[in-house]
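Undergrad: The structure is given below, and queries will be raised subsequently.
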Amino acid sequence: MNVRGHDMSKAGANRPTSGYVSEHNKLSISDLSFAYGKEKVLDEVSLQINRGEIVALIGPNGSGKTTLLKCANRFLRSRHGTIDIAGDDLRRLRQWQIAERVSYVPQAADIVYPMTVFESVMLGLRRSSWHYSEDDMATVANTLEQLGLDSMSNKLLTELSGGQRQKAAIARALVRETPFLLLDEPTNHLDMKHKRDTIQILRRHSREHNQGILIVLHEINLAVQLADRIALLESGQIVAEGQPDKVITHDNIHAAYAVEVNMTRHAGLPFVIGYRMDDEQ
Ligand SMILES: Nc1ncnc2c1ncn2[C@@H]1O[C@H](COP(=O)(O)OP(=O)(O)OP(=O)(O)O)[C@@H](O)[C@H]1O
């Protein structure tokens with residue numbers, strides 16, 4: 001599959017998806033369980049994200065995807081299981097140390113402040129003073145351009161559409177250049193072109209900055225095109241995990257989502273081409 005000269009079939013071909021990876025180059029979730037009160041939402045989840053690799057997390061509504069991302073960022077604290085980031089137990093790290101290692105783009109960037117797009121992305125740079133170098137300004141301008149936001153850099157966040165706001169949140173996370181990036185449905189407000197552009201930017205960013213990305217997606221085909229590995233979460237458990245071919249099968253989708261789908265293959269990858277309706281033979 002060719003997307004503007006980028007051969008998606010080779011996606012991840014030169015990425016480290018197996019073999020030895022140093023502790024310092026991975027975010028490792030082991031036997032993680034989490035409950036909201038008595039409602040158990042994550043049940044002994046184990047998942048590893050290596051630097052330079054993109055892992056898509058898919059699964060039905062309410063299966064625990066957002067909760068998993070929030071635990072990986074210590075927004076939520078789990079007492080069962082461990083999360084190691086770049087070789088250190090998350091529980092031993094202070095919040096600023098976590099922020100140096102992980103960026104998080106939440107599902108809905110509903111809380112917006114009356115600052116310009118440019119200013120909001122500058123904040124992502126996390127400088128200790130208000131002094132920004134020319135390189136800083138160029139990084140922000142370049143990231144905004146890549147995301148097609150350059151023409152609105154002086155607009156207030158409050159004046160943006162849902163999709164534009166979503167892209168501003170992605171830009172803010174990208175300029176931080178942390179080793180790991182957690183994204184919760186970052187493309188759900190984006191049109192087709194901006195989805196395509198965003199996945200290309202994420203791929204490039206992951207490769208150029210050796211960044212490990214864990215991304216929650218509802219669109220299975222987008223996950224197939226973007227990710228080196230896919231993890232399928234169902235009722236708080238990872239029921240399938242691996243390269244798209246291994247995870248995106250008719251049976252796995254039927255078991256997790258309770259829908260029959262039609263599938264095809266393109267450029268060596270599995271794609272869902274539609275749902276089977278109840279009255280279809
Ligand atoms: N703050 C909360 N308090 C209590 N229960 C919660 C809270 N947040 C989420 N839940 C419950 O935890 C379960 C998992 O929610 P979560 O948001 O992690 O799922 P998800 O897979 O991200 O869902 P979606 O695809 O709909 O975004 C759901 O049953 C939800 O109702």
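By convention here, the chains of the structure tokens are called A, B, ... in the order presented, each chain's residues are numbered starting at 1, and ligands are numbered starting at 1 in the order presented.
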Quick one: residues within 7 Å of range 225-237 of chain A, only C-alpha atoms counted, chain neighbours fewer than 3 positions away excluded, as a PyMOL selection string?
TA: chain A and resi 8+12+41-45+53-60+63-64+199+221-222+240-244+247+256
Undergrad: Generate the output file for the selected residues, N, CA and C atoms, as a PDB file, in the first residue's frame.
TA:
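Okay, out-v8.pdb is ready:
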ATOM      1  N   MET A   8       3.586   1.470   2.929  1.00  0.00           N
ATOM      2  CA  MET A   8       3.081   1.033   4.233  1.00  0.00           C
ATOM      3  C   MET A   8       3.319  -0.452   4.463  1.00  0.00           C
ATOM      4  N   GLY A  12       7.563  -0.703   9.695  1.00  0.00           N
ATOM      5  CA  GLY A  12       8.153  -1.443  10.806  1.00  0.00           C
ATOM      6  C   GLY A  12       9.169  -2.478  10.392  1.00  0.00           C
ATOM      7  N   VAL A  41     -11.093  -3.729  36.320  1.00  0.00           N
ATOM      8  CA  VAL A  41     -11.081  -3.263  34.932  1.00  0.00           C
ATOM      9  C   VAL A  41      -9.873  -3.796  34.160  1.00  0.00           C
ATOM     10  N   LEU A  42      -8.760  -3.985  34.850  1.00  0.00           N
ATOM     11  CA  LEU A  42      -7.585  -4.603  34.226  1.00  0.00           C
ATOM     12  C   LEU A  42      -7.212  -5.838  35.028  1.00  0.00           C
ATOM     13  N   ASP A  43      -6.949  -6.921  34.300  1.00  0.00           N
ATOM     14  CA  ASP A  43      -6.751  -8.211  34.964  1.00  0.00           C
ATOM     15  C   ASP A  43      -5.426  -8.841  34.500  1.00  0.00           C
ATOM     16  N   GLU A  44      -4.390  -8.588  35.257  1.00  0.00           N
ATOM     17  CA  GLU A  44      -3.068  -9.169  34.981  1.00  0.00           C
ATOM     18  C   GLU A  44      -2.598  -8.922  33.538  1.00  0.00           C
ATOM     19  N   VAL A  45      -2.579  -7.656  33.193  1.00  0.00           N
ATOM     20  CA  VAL A  45      -2.158  -7.264  31.840  1.00  0.00           C
ATOM     21  C   VAL A  45      -0.627  -7.155  31.785  1.00  0.00           C
ATOM     22  N   GLU A  53       9.328   1.782  18.465  1.00  0.00           N
ATOM     23  CA  GLU A  53       8.290   0.837  18.030  1.00  0.00           C
ATOM     24  C   GLU A  53       6.902   1.431  18.332  1.00  0.00           C
ATOM     25  N   ILE A  54       5.931   1.118  17.470  1.00  0.00           N
ATOM     26  CA  ILE A  54       4.562   1.588  17.705  1.00  0.00           C
ATOM     27  C   ILE A  54       3.677   0.384  18.008  1.00  0.00           C
ATOM     28  N   VAL A  55       2.999   0.452  19.149  1.00  0.00           N
ATOM     29  CA  VAL A  55       2.072  -0.611  19.537  1.00  0.00           C
ATOM     30  C   VAL A  55       0.672  -0.009  19.593  1.00  0.00           C
ATOM     31  N   ALA A  56      -0.259  -0.597  18.853  1.00  0.00           N
ATOM     32  CA  ALA A  56      -1.643  -0.125  18.887  1.00  0.00           C
ATOM     33  C   ALA A  56      -2.432  -0.972  19.872  1.00  0.00           C
ATOM     34  N   LEU A  57      -3.218  -0.293  20.696  1.00  0.00           N
ATOM     35  CA  LEU A  57      -4.078  -0.983  21.655  1.00  0.00           C
ATOM     36  C   LEU A  57      -5.514  -0.845  21.162  1.00  0.00           C
ATOM     37  N   ILE A  58      -6.129  -1.972  20.842  1.00  0.00           N
ATOM     38  CA  ILE A  58      -7.504  -1.951  20.351  1.00  0.00           C
ATOM     39  C   ILE A  58      -8.374  -2.782  21.298  1.00  0.00           C
ATOM     40  N   GLY A  59      -9.671  -2.643  21.149  1.00  0.00           N
ATOM     41  CA  GLY A  59     -10.585  -3.430  21.984  1.00  0.00           C
ATOM     42  C   GLY A  59     -11.923  -2.725  22.093  1.00  0.00           C
ATOM     43  N   PRO A  60     -12.960  -3.462  22.485  1.00  0.00           N
ATOM     44  CA  PRO A  60     -14.299  -2.885  22.558  1.00  0.00           C
ATOM     45  C   PRO A  60     -14.395  -1.753  23.585  1.00  0.00           C
ATOM     46  N   SER A  63     -13.321  -1.831  27.540  1.00  0.00           N
ATOM     47  CA  SER A  63     -12.439  -2.982  27.800  1.00  0.00           C
ATOM     48  C   SER A  63     -11.240  -2.614  28.678  1.00  0.00           C
ATOM     49  N   GLY A  64     -10.988  -1.304  28.876  1.00  0.00           N
ATOM     50  CA  GLY A  64      -9.927  -0.908  29.801  1.00  0.00           C
ATOM     51  C   GLY A  64      -8.745  -0.206  29.157  1.00  0.00           C
ATOM     52  N   ILE A 199      -0.733   9.575  11.032  1.00  0.00           N
ATOM     53  CA  ILE A 199      -0.020   8.297  11.217  1.00  0.00           C
ATOM     54  C   ILE A 199       1.366   8.360  10.568  1.00  0.00           C
ATOM     55  N   ASN A 221      -8.241  -0.864  10.774  1.00  0.00           N
ATOM     56  CA  ASN A 221      -7.372  -0.720   9.595  1.00  0.00           C
ATOM     57  C   ASN A 221      -6.268   0.309   9.817  1.00  0.00           C
ATOM     58  N   LEU A 222      -6.593   1.333  10.563  1.00  0.00           N
ATOM     59  CA  LEU A 222      -5.583   2.338  10.888  1.00  0.00           C
ATOM     60  C   LEU A 222      -4.500   1.712  11.766  1.00  0.00           C
ATOM     61  N   ALA A 240      -5.036 -11.115  22.528  1.00  0.00           N
ATOM     62  CA  ALA A 240      -4.168 -11.391  21.370  1.00  0.00           C
ATOM     63  C   ALA A 240      -3.158 -10.259  21.286  1.00  0.00           C
ATOM     64  N   GLU A 241      -1.946 -10.579  20.911  1.00  0.00           N
ATOM     65  CA  GLU A 241      -0.899  -9.564  20.841  1.00  0.00           C
ATOM     66  C   GLU A 241       0.181 -10.029  19.866  1.00  0.00           C
ATOM     67  N   GLY A 242       0.618  -9.128  18.999  1.00  0.00           N
ATOM     68  CA  GLY A 242       1.672  -9.489  18.054  1.00  0.00           C
ATOM     69  C   GLY A 242       1.543  -8.657  16.793  1.00  0.00           C
ATOM     70  N   GLN A 243       2.173  -9.122  15.734  1.00  0.00           N
ATOM     71  CA  GLN A 243       2.104  -8.395  14.475  1.00  0.00           C
ATOM     72  C   GLN A 243       0.667  -8.471  13.940  1.00  0.00           C
ATOM     73  N   PRO A 244       0.271  -7.482  13.103  1.00  0.00           N
ATOM     74  CA  PRO A 244      -1.119  -7.404  12.653  1.00  0.00           C
ATOM     75  C   PRO A 244      -1.691  -8.732  12.148  1.00  0.00           C
ATOM     76  N   VAL A 247      -2.975 -10.869  14.983  1.00  0.00           N
ATOM     77  CA  VAL A 247      -4.050 -10.355  15.842  1.00  0.00           C
ATOM     78  C   VAL A 247      -5.340 -10.084  15.058  1.00  0.00           C
ATOM     79  N   ALA A 256     -13.913 -10.821  20.199  1.00  0.00           N
ATOM     80  CA  ALA A 256     -13.791  -9.626  21.041  1.00  0.00           C
ATOM     81  C   ALA A 256     -14.968  -8.673  20.871  1.00  0.00           C
TER      82      ALA A 256
END
Undergrad: Could you list, with a cut-off of 9 Å and counting only C-alpha atoms, the residues of range 101-188 of chain A near range 78-87 of chain A, each shown with its nearest atom pair and the distance in Å rounded to one decimal, rows sorted by chain and ascending number, as JSON lines?
TA:
{"residue": "A:Arg101", "atom": "CA", "partner": "A:Ile85", "partner_atom": "CA", "distance": 7.5}
{"residue": "A:Val102", "atom": "CA", "partner": "A:Ile85", "partner_atom": "CA", "distance": 8.5}
{"residue": "A:Pro179", "atom": "CA", "partner": "A:Ala86", "partner_atom": "CA", "distance": 8.3}
{"residue": "A:Phe180", "atom": "CA", "partner": "A:Ile85", "partner_atom": "CA", "distance": 8.7}
Undergrad: If you keep C-alpha atoms, can you produce a file of those selected residues as a PDB file, in the first residue's frame?
TA:
ATOM      1  CA  ARG A 101      10.066   9.860  30.130  1.00  0.00           C
ATOM      2  CA  VAL A 102       6.433   9.736  29.040  1.00  0.00           C
ATOM      3  CA  PRO A 179      11.305   8.294  25.080  1.00  0.00           C
ATOM      4  CA  PHE A 180       7.696   7.113  25.263  1.00  0.00           C
TER       5      PHE A 180
END
Undergrad: Can you check which residues of range 60-272 of chain A DSSP gives as strand (DSSP E) on the backbone and send them as a PyMOL selection string?
TA: chain A and resi 80-85+88-89+102-105+180-184+212-216+229-234+237-242+261-266+269-272
Undergrad: Selected residues, N, CA and C atoms, written as a short mmCIF file (atom, residue, chain, number, x, y, z; two decimals), in the first residue's frame, please.
TA:
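Output (part05.cif):
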data_model
loop_
_atom_site.label_atom_id
_atom_site.label_comp_id
_atom_site.auth_asym_id
_atom_site.auth_seq_id
_atom_site.Cartn_x
_atom_site.Cartn_y
_atom_site.Cartn_z
N HIS A 80 -1.36 -3.66 42.06
CA HIS A 80 -1.09 -5.03 41.62
C HIS A 80 -0.37 -5.02 40.30
N GLY A 81 0.82 -5.59 40.29
CA GLY A 81 1.62 -5.62 39.08
C GLY A 81 2.64 -4.50 39.08
N THR A 82 3.49 -4.49 38.06
CA THR A 82 4.53 -3.46 38.00
C THR A 82 4.59 -2.81 36.61
N ILE A 83 5.07 -1.59 36.62
CA ILE A 83 5.35 -0.89 35.36
C ILE A 83 6.76 -0.33 35.47
N ASP A 84 7.63 -0.75 34.58
CA ASP A 84 9.00 -0.22 34.54
C ASP A 84 9.12 0.69 33.33
N ILE A 85 9.66 1.88 33.56
CA ILE A 85 9.91 2.77 32.43
C ILE A 85 11.40 3.02 32.36
N ASP A 88 13.31 1.74 35.39
CA ASP A 88 12.93 2.11 36.76
C ASP A 88 11.47 1.81 37.03
N ASP A 89 11.21 1.33 38.24
CA ASP A 89 9.84 1.07 38.67
C ASP A 89 9.09 2.40 38.76
N VAL A 102 7.68 10.09 29.72
CA VAL A 102 6.43 9.74 29.04
C VAL A 102 5.60 10.98 28.75
N SER A 103 5.11 11.09 27.52
CA SER A 103 4.11 12.12 27.20
C SER A 103 2.77 11.42 27.02
N TYR A 104 1.72 12.12 27.37
CA TYR A 104 0.38 11.51 27.34
C TYR A 104 -0.59 12.47 26.67
N VAL A 105 -1.27 11.98 25.66
CA VAL A 105 -2.33 12.77 25.02
C VAL A 105 -3.66 12.10 25.36
N PHE A 180 8.95 7.84 25.50
CA PHE A 180 7.70 7.11 25.26
C PHE A 180 6.53 8.09 25.13
N LEU A 181 5.58 7.69 24.30
CA LEU A 181 4.42 8.54 24.02
C LEU A 181 3.16 7.68 24.12
N LEU A 182 2.19 8.14 24.91
CA LEU A 182 0.92 7.43 25.06
C LEU A 182 -0.16 8.30 24.44
N LEU A 183 -0.90 7.73 23.49
CA LEU A 183 -1.93 8.50 22.79
C LEU A 183 -3.26 7.77 22.89
N ASP A 184 -4.28 8.48 23.37
CA ASP A 184 -5.59 7.85 23.53
C ASP A 184 -6.54 8.33 22.43
N GLY A 212 9.10 5.12 21.69
CA GLY A 212 8.13 4.01 21.78
C GLY A 212 6.73 4.60 21.94
N ILE A 213 5.81 4.18 21.08
CA ILE A 213 4.46 4.77 21.10
C ILE A 213 3.43 3.70 21.41
N LEU A 214 2.59 3.98 22.40
CA LEU A 214 1.42 3.12 22.67
C LEU A 214 0.20 3.96 22.33
N ILE A 215 -0.59 3.49 21.37
CA ILE A 215 -1.68 4.31 20.85
C ILE A 215 -2.99 3.52 20.87
N VAL A 216 -4.00 4.11 21.49
CA VAL A 216 -5.33 3.49 21.49
C VAL A 216 -6.05 3.90 20.21
N ARG A 229 3.12 -3.65 16.23
CA ARG A 229 2.39 -4.70 16.93
C ARG A 229 1.04 -4.17 17.36
N ILE A 230 0.10 -5.08 17.52
CA ILE A 230 -1.24 -4.72 17.99
C ILE A 230 -1.56 -5.57 19.21
N ALA A 231 -2.15 -4.93 20.23
CA ALA A 231 -2.62 -5.70 21.39
C ALA A 231 -4.13 -5.53 21.45
N LEU A 232 -4.82 -6.66 21.58
CA LEU A 232 -6.30 -6.64 21.63
C LEU A 232 -6.72 -6.88 23.07
N LEU A 233 -7.40 -5.87 23.62
CA LEU A 233 -7.83 -5.93 25.02
C LEU A 233 -9.32 -6.26 25.05
N GLU A 234 -9.67 -7.23 25.87
CA GLU A 234 -11.08 -7.58 26.01
C GLU A 234 -11.37 -7.83 27.48
N GLN A 237 -8.37 -7.94 29.73
CA GLN A 237 -7.28 -8.90 29.50
C GLN A 237 -6.79 -8.78 28.06
N ILE A 238 -5.49 -8.94 27.87
CA ILE A 238 -4.97 -8.95 26.50
C ILE A 238 -5.19 -10.35 25.94
N VAL A 239 -6.07 -10.44 24.94
CA VAL A 239 -6.44 -11.76 24.42
C VAL A 239 -5.66 -12.10 23.14
N ALA A 240 -5.04 -11.11 22.53
CA ALA A 240 -4.17 -11.39 21.37
C ALA A 240 -3.16 -10.26 21.29
N GLU A 241 -1.95 -10.58 20.91
CA GLU A 241 -0.90 -9.56 20.84
C GLU A 241 0.18 -10.03 19.87
N GLY A 242 0.62 -9.13 19.00
CA GLY A 242 1.67 -9.49 18.05
C GLY A 242 1.54 -8.66 16.79
N VAL A 261 -17.03 -9.95 10.50
CA VAL A 261 -16.49 -8.98 9.53
C VAL A 261 -16.01 -9.71 8.28
N ASN A 262 -15.99 -8.97 7.18
CA ASN A 262 -15.36 -9.48 5.97
C ASN A 262 -13.94 -8.95 5.96
N MET A 263 -13.03 -9.81 5.53
CA MET A 263 -11.63 -9.40 5.56
C MET A 263 -10.98 -9.61 4.20
N THR A 264 -9.95 -8.82 3.95
CA THR A 264 -9.17 -9.02 2.74
C THR A 264 -7.69 -8.80 3.10
N ARG A 265 -6.84 -8.98 2.12
CA ARG A 265 -5.42 -8.70 2.35
C ARG A 265 -4.96 -7.70 1.30
N HIS A 266 -4.10 -6.79 1.71
CA HIS A 266 -3.54 -5.83 0.78
C HIS A 266 -2.11 -5.54 1.23
N LEU A 269 -0.92 -7.22 4.27
CA LEU A 269 -1.51 -6.94 5.59
C LEU A 269 -2.99 -7.27 5.58
N PRO A 270 -3.54 -7.64 6.75
CA PRO A 270 -4.97 -7.95 6.82
C PRO A 270 -5.81 -6.69 7.01
N PHE A 271 -6.89 -6.57 6.26
CA PHE A 271 -7.77 -5.41 6.40
C PHE A 271 -9.22 -5.85 6.55
N VAL A 272 -9.97 -5.11 7.36
CA VAL A 272 -11.41 -5.35 7.50
C VAL A 272 -12.10 -4.54 6.42
#
Undergrad: Using only C-alpha atoms and all ligand atoms, find the one residue out of A:Ile29, A:Met152, A:Ala108, A:Ala173 that sits nearest to ligand 1.
TA: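 Comparing A:Ile29, A:Met152, A:Ala108, A:Ala173 against ligand 1, the winner is A:Ala108.
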Undergrad: Enter the distance from CA of Arg204 in chain A to CA of Gln97 in chain A, in Å, rounded to one decimal.
TA: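 These two atoms are separated by 25.3 Å.
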Undergrad: From a backbone DSSP assignment, name each residue in range 23-230 of chain A labelled alpha helix (DSSP H), as a short mmCIF file (atom, residue, chain, number, x, y, z; two decimals) with N, CA and C atoms, in the first residue's frame.
TA:
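Now in out06.cif:
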data_model
loop_
_atom_site.label_atom_id
_atom_site.label_comp_id
_atom_site.auth_asym_id
_atom_site.auth_seq_id
_atom_site.Cartn_x
_atom_site.Cartn_y
_atom_site.Cartn_z
N LYS A 65 -8.88 0.21 27.89
CA LYS A 65 -7.75 0.79 27.16
C LYS A 65 -7.27 2.10 27.82
N THR A 66 -8.22 3.01 28.06
CA THR A 66 -7.85 4.29 28.67
C THR A 66 -7.27 4.07 30.07
N THR A 67 -7.87 3.15 30.79
CA THR A 67 -7.38 2.86 32.15
C THR A 67 -5.93 2.38 32.10
N LEU A 68 -5.62 1.56 31.12
CA LEU A 68 -4.25 1.05 30.98
C LEU A 68 -3.28 2.20 30.71
N LEU A 69 -3.65 3.11 29.81
CA LEU A 69 -2.78 4.25 29.52
C LEU A 69 -2.60 5.12 30.76
N LYS A 70 -3.68 5.31 31.50
CA LYS A 70 -3.57 6.16 32.70
C LYS A 70 -2.70 5.51 33.77
N CYS A 71 -2.73 4.19 33.85
CA CYS A 71 -1.85 3.50 34.80
C CYS A 71 -0.39 3.64 34.36
N ALA A 72 -0.17 3.55 33.03
CA ALA A 72 1.20 3.61 32.51
C ALA A 72 1.81 4.99 32.71
N GLN A 95 6.79 12.56 39.92
CA GLN A 95 5.97 12.92 38.77
C GLN A 95 6.80 13.61 37.68
N TRP A 96 7.74 14.47 38.07
CA TRP A 96 8.53 15.16 37.05
C TRP A 96 9.45 14.19 36.32
N GLN A 97 9.87 13.12 37.02
CA GLN A 97 10.72 12.14 36.34
C GLN A 97 9.89 11.33 35.34
N ILE A 98 8.65 11.06 35.72
CA ILE A 98 7.76 10.35 34.78
C ILE A 98 7.52 11.24 33.56
N ALA A 99 7.30 12.54 33.83
CA ALA A 99 7.03 13.47 32.72
C ALA A 99 8.21 13.60 31.78
N GLU A 100 9.42 13.33 32.29
CA GLU A 100 10.59 13.38 31.40
C GLU A 100 10.66 12.17 30.49
N ARG A 101 9.96 11.10 30.90
CA ARG A 101 10.07 9.86 30.13
C ARG A 101 8.83 9.57 29.28
N VAL A 117 -2.33 28.61 19.87
CA VAL A 117 -1.85 27.28 19.51
C VAL A 117 -0.33 27.24 19.69
N PHE A 118 0.36 28.28 19.20
CA PHE A 118 1.82 28.32 19.28
C PHE A 118 2.28 28.26 20.75
N GLU A 119 1.64 29.08 21.59
CA GLU A 119 2.02 29.10 23.02
C GLU A 119 1.79 27.73 23.66
N SER A 120 0.67 27.11 23.33
CA SER A 120 0.34 25.83 23.97
C SER A 120 1.36 24.76 23.58
N VAL A 121 1.85 24.82 22.34
CA VAL A 121 2.84 23.83 21.91
C VAL A 121 4.20 24.15 22.54
N MET A 122 4.50 25.45 22.68
CA MET A 122 5.75 25.83 23.36
C MET A 122 5.80 25.27 24.78
N LEU A 123 4.67 25.24 25.44
CA LEU A 123 4.64 24.70 26.81
C LEU A 123 5.09 23.25 26.84
N GLU A 134 16.00 30.14 19.57
CA GLU A 134 15.50 30.13 18.20
C GLU A 134 15.21 28.71 17.73
N ASP A 135 16.05 27.77 18.22
CA ASP A 135 15.81 26.36 17.87
C ASP A 135 14.46 25.89 18.41
N ASP A 136 14.14 26.33 19.63
CA ASP A 136 12.85 25.96 20.23
C ASP A 136 11.70 26.45 19.35
N MET A 137 11.82 27.73 18.96
CA MET A 137 10.75 28.32 18.14
C MET A 137 10.62 27.56 16.81
N ALA A 138 11.80 27.18 16.25
CA ALA A 138 11.78 26.47 14.97
C ALA A 138 11.16 25.08 15.15
N THR A 139 11.45 24.43 16.28
CA THR A 139 10.86 23.10 16.53
C THR A 139 9.34 23.19 16.58
N VAL A 140 8.85 24.21 17.29
CA VAL A 140 7.39 24.37 17.41
C VAL A 140 6.80 24.67 16.03
N ALA A 141 7.42 25.61 15.32
CA ALA A 141 6.89 25.99 14.00
C ALA A 141 6.89 24.80 13.05
N ASN A 142 7.95 24.02 13.10
CA ASN A 142 8.08 22.87 12.21
C ASN A 142 7.02 21.80 12.54
N THR A 143 6.80 21.57 13.82
CA THR A 143 5.81 20.56 14.22
C THR A 143 4.41 21.01 13.82
N LEU A 144 4.13 22.30 14.00
CA LEU A 144 2.82 22.82 13.60
C LEU A 144 2.62 22.68 12.10
N GLU A 145 3.69 22.92 11.36
CA GLU A 145 3.60 22.81 9.91
C GLU A 145 3.32 21.36 9.50
N GLN A 146 4.05 20.44 10.12
CA GLN A 146 3.85 19.02 9.79
C GLN A 146 2.40 18.60 10.02
N GLY A 162 -12.79 20.62 16.96
CA GLY A 162 -12.37 19.44 17.72
C GLY A 162 -11.13 18.79 17.13
N GLY A 163 -11.10 18.65 15.81
CA GLY A 163 -9.96 18.01 15.15
C GLY A 163 -8.69 18.86 15.26
N GLN A 164 -8.85 20.19 15.10
CA GLN A 164 -7.68 21.07 15.21
C GLN A 164 -7.12 21.04 16.63
N ARG A 165 -8.02 20.98 17.59
CA ARG A 165 -7.60 20.92 19.00
C ARG A 165 -6.84 19.62 19.28
N GLN A 166 -7.34 18.56 18.65
CA GLN A 166 -6.70 17.26 18.82
C GLN A 166 -5.27 17.30 18.25
N LYS A 167 -5.14 17.95 17.09
CA LYS A 167 -3.80 18.02 16.49
C LYS A 167 -2.87 18.91 17.32
N ALA A 168 -3.42 19.96 17.93
CA ALA A 168 -2.58 20.81 18.80
C ALA A 168 -2.08 20.00 19.99
N ALA A 169 -2.93 19.13 20.52
CA ALA A 169 -2.51 18.29 21.66
C ALA A 169 -1.41 17.31 21.22
N ILE A 170 -1.53 16.78 20.00
CA ILE A 170 -0.50 15.87 19.48
C ILE A 170 0.81 16.65 19.31
N ALA A 171 0.72 17.86 18.75
CA ALA A 171 1.93 18.69 18.54
C ALA A 171 2.63 18.95 19.87
N ARG A 172 1.84 19.27 20.89
CA ARG A 172 2.43 19.56 22.21
C ARG A 172 3.17 18.34 22.74
N ALA A 173 2.61 17.15 22.52
CA ALA A 173 3.27 15.92 22.99
C ALA A 173 4.52 15.62 22.16
N LEU A 174 4.45 15.87 20.86
CA LEU A 174 5.60 15.53 20.00
C LEU A 174 6.83 16.38 20.31
N VAL A 175 6.63 17.68 20.58
CA VAL A 175 7.81 18.53 20.80
C VAL A 175 8.54 18.15 22.09
N ARG A 176 7.89 17.43 22.97
CA ARG A 176 8.55 17.04 24.23
C ARG A 176 9.67 16.03 24.00
N MET A 192 -10.13 11.98 6.88
CA MET A 192 -9.29 10.95 6.29
C MET A 192 -7.85 11.44 6.02
N LYS A 193 -7.76 12.62 5.44
CA LYS A 193 -6.43 13.13 5.11
C LYS A 193 -5.60 13.37 6.37
N HIS A 194 -6.25 13.96 7.38
CA HIS A 194 -5.49 14.28 8.58
C HIS A 194 -5.16 13.03 9.39
N LYS A 195 -6.01 12.01 9.27
CA LYS A 195 -5.65 10.72 9.89
C LYS A 195 -4.40 10.17 9.23
N ARG A 196 -4.43 10.16 7.89
CA ARG A 196 -3.30 9.63 7.14
C ARG A 196 -2.02 10.43 7.47
N ASP A 197 -2.15 11.77 7.48
CA ASP A 197 -0.97 12.59 7.79
C ASP A 197 -0.46 12.30 9.19
N THR A 198 -1.39 12.16 10.12
CA THR A 198 -0.99 11.95 11.52
C THR A 198 -0.25 10.63 11.68
N ILE A 199 -0.73 9.58 11.03
CA ILE A 199 -0.02 8.30 11.22
C ILE A 199 1.37 8.36 10.57
N GLN A 200 1.47 9.10 9.48
CA GLN A 200 2.81 9.24 8.87
C GLN A 200 3.75 10.02 9.79
N ILE A 201 3.22 11.07 10.41
CA ILE A 201 4.06 11.86 11.32
C ILE A 201 4.49 11.00 12.51
N LEU A 202 3.56 10.23 13.05
CA LEU A 202 3.91 9.39 14.20
C LEU A 202 4.97 8.37 13.83
N ARG A 203 4.83 7.77 12.66
CA ARG A 203 5.83 6.78 12.23
C ARG A 203 7.21 7.44 12.12
N ARG A 204 7.22 8.60 11.48
CA ARG A 204 8.50 9.28 11.29
C ARG A 204 9.10 9.69 12.63
N HIS A 205 8.26 10.22 13.49
CA HIS A 205 8.72 10.69 14.79
C HIS A 205 9.28 9.53 15.62
N SER A 206 8.57 8.41 15.59
CA SER A 206 9.02 7.24 16.35
C SER A 206 10.40 6.80 15.86
N ARG A 207 10.56 6.82 14.55
CA ARG A 207 11.83 6.36 13.97
C ARG A 207 12.95 7.37 14.25
N GLU A 208 12.67 8.66 13.98
CA GLU A 208 13.74 9.66 14.09
C GLU A 208 14.14 9.93 15.54
N ILE A 220 -9.57 -0.39 13.19
CA ILE A 220 -8.65 -1.52 13.08
C ILE A 220 -7.71 -1.36 11.89
N ASN A 221 -8.24 -0.86 10.77
CA ASN A 221 -7.37 -0.72 9.59
C ASN A 221 -6.27 0.31 9.82
N LEU A 222 -6.59 1.33 10.56
CA LEU A 222 -5.58 2.34 10.89
C LEU A 222 -4.50 1.71 11.77
N ALA A 223 -4.92 0.89 12.70
CA ALA A 223 -3.96 0.19 13.58
C ALA A 223 -3.05 -0.70 12.74
N VAL A 224 -3.63 -1.39 11.77
CA VAL A 224 -2.84 -2.28 10.90
C VAL A 224 -1.79 -1.49 10.14
N GLN A 225 -2.19 -0.31 9.61
CA GLN A 225 -1.26 0.49 8.81
C GLN A 225 -0.19 1.16 9.63
N LEU A 226 -0.54 1.48 10.87
CA LEU A 226 0.39 2.26 11.70
C LEU A 226 1.34 1.42 12.52
#
Undergrad: To one decimal place, how far is atom 1 (N, counted along the ligand's line) of ligand 1 from CA of Ser33 in chain A in Å?
TA: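 According to the coordinates, atom 1 (N, counted along the ligand's line) of ligand 1 and CA of Ser33 in chain A are separated by 15.3 Å.
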Undergrad: With only C-alpha atoms as the counted atoms, please give the residues lying no more than 8 Å from Leu156 in chain A, apart from itself and same-chain residues fewer than 3 positions off, as a PDB file with N, CA and C atoms, in the first residue's frame.
TA:
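Ended up saving to around_10.pdb:
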ATOM      1  N   PRO A 114      -7.284  29.831  27.319  1.00  0.00           N
ATOM      2  CA  PRO A 114      -7.253  30.893  26.292  1.00  0.00           C
ATOM      3  C   PRO A 114      -5.819  31.295  25.953  1.00  0.00           C
ATOM      4  N   MET A 115      -5.069  30.345  25.377  1.00  0.00           N
ATOM      5  CA  MET A 115      -3.729  30.674  24.885  1.00  0.00           C
ATOM      6  C   MET A 115      -3.676  30.287  23.417  1.00  0.00           C
ATOM      7  N   THR A 116      -2.685  30.831  22.719  1.00  0.00           N
ATOM      8  CA  THR A 116      -2.631  30.523  21.284  1.00  0.00           C
ATOM      9  C   THR A 116      -2.107  29.097  21.082  1.00  0.00           C
ATOM     10  N   VAL A 117      -2.328  28.608  19.869  1.00  0.00           N
ATOM     11  CA  VAL A 117      -1.847  27.276  19.513  1.00  0.00           C
ATOM     12  C   VAL A 117      -0.331  27.236  19.690  1.00  0.00           C
ATOM     13  N   GLU A 159     -10.741  28.714  20.054  1.00  0.00           N
ATOM     14  CA  GLU A 159     -11.358  29.012  18.754  1.00  0.00           C
ATOM     15  C   GLU A 159     -11.191  27.869  17.753  1.00  0.00           C
ATOM     16  N   LEU A 160     -10.617  26.748  18.204  1.00  0.00           N
ATOM     17  CA  LEU A 160     -10.343  25.651  17.272  1.00  0.00           C
ATOM     18  C   LEU A 160     -11.494  24.655  17.205  1.00  0.00           C
TER      19      LEU A 160
END
